[in-house]
Amino acid sequence: MSESVTVMALPEPIDLELDRTALVIIDMQRDFLLPGGFGETLGNDVGQLQKVVEPLQALLAAARSAGMLVVHTREGHLPDLSDCPPAKLSRGAPSKRIGDLGAFGRILIRGEYGHDIVDELAPLADEVVIDKPGKGAFYATDFGKVLESNGITQLLVTGVTTEVCVHTTTREANDRGYECVVVSDCVGSYFPEFQRVGLEMIAAQGGIFGWVAASADLLPAML
Ligand code: TIU
């Protein structure tokens, strides 16, 4: 077993083995973060998500320096929408739907500018990018295989949005036996109340879905 570092977290400190820990960056895509993108067409305040970029850049830099596995995800669909359930396509009352032409190309369609990750967090050529049709990173993807083949047992979970794709992925990972640390200042919600409650839900009941830690407490452990 490799050396572990103890990190302050809720509901209690956690011992991390960095060579078995992956940084997972969920859906930091232009369609969710940029003014005029899909997130905004859903009626959301994208400024709430932009707060995440700076602390996440620092965490990503530390993970890269530490040689950790970095996995980026993107939510989106094939151009013919064959992987988008009709129930997802027709949901809600956005001014534009998935696949429609938006400010940054067709909304949440793979290959379009808006579907890709914001420049500040662009993946390096050798980093894993998981394209997922759902909210969770495991459904209909190779994410599980990537973690397994790299010997990963612990995840630092970051990205957007806290109560949607971050929660779904964390819950899926927790059920599969991964220890998940949700990084409080590196996840974001359009809704401040959902951000607060979303984080509380992870660590409640003795850590029912995992741990919550601040990047300031993780960064020294990653040096
Ligand atoms: N990535 C992700 O969370 N997808 C969403 O659609 N989130 C919303 O909060 N809408």
# chains A, B, ... in the order shown; residues from 1 in each chain; ligands from 1
$ residues_around --residues "Ala122 in chain A" --least-positions-apart "6" --cutoff "12 Å" --atoms "only C-alpha atoms" --output "list of chain:residue names"
A:Ile25, A:Asp27, A:Met28, A:Gln29, A:Arg30, A:Val53, A:Leu56, A:Gln57, A:Leu60, A:Ala61, A:Val70, A:Val71, A:His72, A:Thr73, A:Arg74, A:Asp116, A:Val128, A:Val129
$ residues_near_ligand --ligand "ligand 1" --cutoff "8 Å" --atoms "only C-alpha atoms and all ligand atoms" --output "JSON, numbers by chain"
{"A": [26, 27, 28, 32, 39, 42, 74, 75, 135, 159, 160, 161, 162, 163, 164, 165, 166, 189, 190]}
$ select_by_dssp --residues "range 15-216 of chain A" --states "strand (DSSP E or B)" --output "PyMOL selection string"
chain A and resi 15-16+21-26+29+69-75+77+101-102+105-106+109+117+128-132+154-160+179-188+211-213
$ closest_residue --among "A:Gly206, A:Gly144, A:Gly37, A:Pro133" --to "Val118 in chain A" --atoms "only C-alpha atoms"
A:Gly37
$ residues_around --residues "range 18-22 of chain A" --least-positions-apart "4" --cutoff "12 Å" --atoms "only C-alpha atoms" --output "PyMOL selection string"
chain A and resi 1-7+14+59-60+62-72+127-128+143-144+146-158+178-182+218-219+221-223
$ write_last_selection --atoms "N, CA and C atoms" --output "tab-separated table (two decimals), in the first residue's frame"
chain	number	residue	atom	x	y	z
A	1	MET	N	0.84	-1.20	0.00
A	1	MET	CA	0.00	0.00	0.00
A	1	MET	C	0.88	1.25	0.00
A	2	SER	N	0.50	2.24	-0.78
A	2	SER	CA	1.30	3.46	-0.83
A	2	SER	C	1.02	4.33	0.39
A	3	GLU	N	1.88	5.33	0.56
A	3	GLU	CA	1.75	6.24	1.69
A	3	GLU	C	0.45	7.05	1.56
A	4	SER	N	-0.21	7.31	2.67
A	4	SER	CA	-1.43	8.09	2.58
A	4	SER	C	-1.26	9.43	3.31
A	5	VAL	N	-2.07	10.39	2.91
A	5	VAL	CA	-2.08	11.70	3.57
A	5	VAL	C	-3.47	11.93	4.14
A	6	THR	N	-3.49	12.55	5.32
A	6	THR	CA	-4.78	12.80	5.97
A	6	THR	C	-5.25	14.20	5.64
A	7	VAL	N	-6.50	14.30	5.20
A	7	VAL	CA	-7.07	15.59	4.80
A	7	VAL	C	-8.29	15.89	5.67
A	14	ILE	N	-10.15	12.29	6.13
A	14	ILE	CA	-10.02	11.10	5.27
A	14	ILE	C	-8.55	10.89	4.90
A	59	LEU	N	-6.55	23.42	-8.33
A	59	LEU	CA	-6.60	22.00	-7.96
A	59	LEU	C	-6.11	21.12	-9.11
A	60	LEU	N	-6.50	21.49	-10.33
A	60	LEU	CA	-6.06	20.74	-11.52
A	60	LEU	C	-4.54	20.83	-11.67
A	62	ALA	N	-2.38	21.25	-9.31
A	62	ALA	CA	-1.77	20.43	-8.25
A	62	ALA	C	-1.88	18.95	-8.59
A	63	ALA	N	-3.02	18.53	-9.12
A	63	ALA	CA	-3.20	17.12	-9.49
A	63	ALA	C	-2.23	16.72	-10.58
A	64	ARG	N	-2.05	17.62	-11.55
A	64	ARG	CA	-1.09	17.33	-12.63
A	64	ARG	C	0.32	17.23	-12.09
A	65	SER	N	0.70	18.15	-11.20
A	65	SER	CA	2.05	18.12	-10.62
A	65	SER	C	2.27	16.86	-9.81
A	66	ALA	N	1.20	16.42	-9.12
A	66	ALA	CA	1.31	15.21	-8.28
A	66	ALA	C	1.25	13.93	-9.12
A	67	GLY	N	1.01	14.06	-10.41
A	67	GLY	CA	0.95	12.88	-11.28
A	67	GLY	C	-0.32	12.07	-11.10
A	68	MET	N	-1.36	12.70	-10.58
A	68	MET	CA	-2.62	11.98	-10.38
A	68	MET	C	-3.36	11.76	-11.70
A	69	LEU	N	-4.19	10.74	-11.73
A	69	LEU	CA	-5.07	10.56	-12.89
A	69	LEU	C	-6.10	11.69	-12.90
A	70	VAL	N	-6.23	12.34	-14.05
A	70	VAL	CA	-7.23	13.40	-14.22
A	70	VAL	C	-8.25	12.92	-15.25
A	71	VAL	N	-9.52	12.96	-14.88
A	71	VAL	CA	-10.58	12.56	-15.81
A	71	VAL	C	-11.56	13.73	-15.96
A	72	HIS	N	-11.76	14.15	-17.20
A	72	HIS	CA	-12.74	15.20	-17.50
A	72	HIS	C	-13.99	14.51	-18.07
A	127	GLU	N	-4.86	13.39	-21.16
A	127	GLU	CA	-5.87	13.22	-20.11
A	127	GLU	C	-7.14	12.58	-20.67
A	128	VAL	N	-7.82	11.85	-19.80
A	128	VAL	CA	-9.02	11.12	-20.23
A	128	VAL	C	-10.21	12.09	-20.28
A	143	PHE	N	-16.12	5.03	-18.10
A	143	PHE	CA	-15.56	5.64	-16.89
A	143	PHE	C	-15.13	4.57	-15.87
A	144	GLY	N	-16.01	3.62	-15.60
A	144	GLY	CA	-15.68	2.57	-14.63
A	144	GLY	C	-14.43	1.79	-15.03
A	146	VAL	N	-11.98	2.83	-16.92
A	146	VAL	CA	-10.80	3.71	-16.80
A	146	VAL	C	-10.32	3.73	-15.36
A	147	LEU	N	-11.25	3.87	-14.42
A	147	LEU	CA	-10.87	3.91	-13.00
A	147	LEU	C	-10.24	2.58	-12.59
A	148	GLU	N	-10.90	1.50	-12.99
A	148	GLU	CA	-10.42	0.17	-12.60
A	148	GLU	C	-9.02	-0.10	-13.18
A	149	SER	N	-8.83	0.21	-14.46
A	149	SER	CA	-7.54	-0.11	-15.09
A	149	SER	C	-6.42	0.75	-14.53
A	150	ASN	N	-6.75	1.86	-13.90
A	150	ASN	CA	-5.72	2.72	-13.28
A	150	ASN	C	-5.59	2.47	-11.78
A	151	GLY	N	-6.29	1.48	-11.26
A	151	GLY	CA	-6.18	1.13	-9.84
A	151	GLY	C	-6.75	2.19	-8.91
A	152	ILE	N	-7.72	2.93	-9.38
A	152	ILE	CA	-8.28	4.03	-8.59
A	152	ILE	C	-9.32	3.52	-7.59
A	153	THR	N	-9.22	4.01	-6.36
A	153	THR	CA	-10.22	3.65	-5.33
A	153	THR	C	-10.87	4.89	-4.69
A	154	GLN	N	-10.24	6.06	-4.92
A	154	GLN	CA	-10.75	7.29	-4.30
A	154	GLN	C	-10.88	8.38	-5.37
A	155	LEU	N	-11.91	9.18	-5.25
A	155	LEU	CA	-12.16	10.23	-6.25
A	155	LEU	C	-12.27	11.59	-5.58
A	156	LEU	N	-11.61	12.58	-6.18
A	156	LEU	CA	-11.89	13.98	-5.83
A	156	LEU	C	-12.89	14.45	-6.88
A	157	VAL	N	-14.11	14.74	-6.45
A	157	VAL	CA	-15.17	15.06	-7.41
A	157	VAL	C	-15.38	16.57	-7.46
A	158	THR	N	-15.30	17.11	-8.68
A	158	THR	CA	-15.42	18.55	-8.90
A	158	THR	C	-16.29	18.79	-10.13
A	178	TYR	N	-16.33	3.29	-4.49
A	178	TYR	CA	-15.31	4.34	-4.47
A	178	TYR	C	-15.54	5.28	-3.29
A	179	GLU	N	-14.45	5.76	-2.70
A	179	GLU	CA	-14.54	6.79	-1.66
A	179	GLU	C	-14.49	8.15	-2.36
A	180	CYS	N	-15.54	8.91	-2.23
A	180	CYS	CA	-15.65	10.19	-2.96
A	180	CYS	C	-15.48	11.37	-2.03
A	181	VAL	N	-14.58	12.27	-2.42
A	181	VAL	CA	-14.44	13.54	-1.71
A	181	VAL	C	-14.95	14.62	-2.65
A	182	VAL	N	-16.06	15.24	-2.31
A	182	VAL	CA	-16.59	16.33	-3.11
A	182	VAL	C	-15.90	17.62	-2.64
A	218	LEU	N	-7.03	20.39	0.65
A	218	LEU	CA	-6.49	19.33	-0.21
A	218	LEU	C	-5.14	19.70	-0.80
A	219	LEU	N	-4.98	20.99	-1.17
A	219	LEU	CA	-3.78	21.40	-1.91
A	219	LEU	C	-2.48	21.05	-1.19
A	221	ALA	N	-1.88	18.68	0.77
A	221	ALA	CA	-1.71	17.22	0.76
A	221	ALA	C	-1.25	16.71	-0.60
A	222	MET	N	-1.41	17.56	-1.62
A	222	MET	CA	-1.09	17.12	-2.99
A	222	MET	C	0.30	17.58	-3.42
A	223	LEU	N	1.03	18.22	-2.54
A	223	LEU	CA	2.37	18.71	-2.91
A	223	LEU	C	3.37	17.57	-3.02
$ closest_residue --among "A:Leu78, A:Leu124, A:Val183, A:Ala140" --to "Arg110 in chain A" --atoms "only C-alpha atoms"
A:Leu78
$ closest_residue --among "A:Asp131, A:Lys96, A:Gly105, A:Asp119" --to "His77 in chain A" --atoms "only C-alpha atoms"
A:Asp131
$ atom_distance --atom1 "CA of Val212 in chain A" --atom2 "CA of Ala58 in chain A"
17.6 Å
$ closest_residue --among "A:Gly114, A:Pro85, A:Thr141, A:His167" --to "Phe194 in chain A" --atoms "only C-alpha atoms"
A:His167
$ atom_distance --atom1 "CA of Trp211 in chain A" --atom2 "CA of Pro11 in chain A"
6.3 Å
$ closest_residue --among "A:Gly177, A:Gly207, A:Pro86, A:Pro94" --to "Asn44 in chain A" --atoms "only C-alpha atoms"
A:Pro94
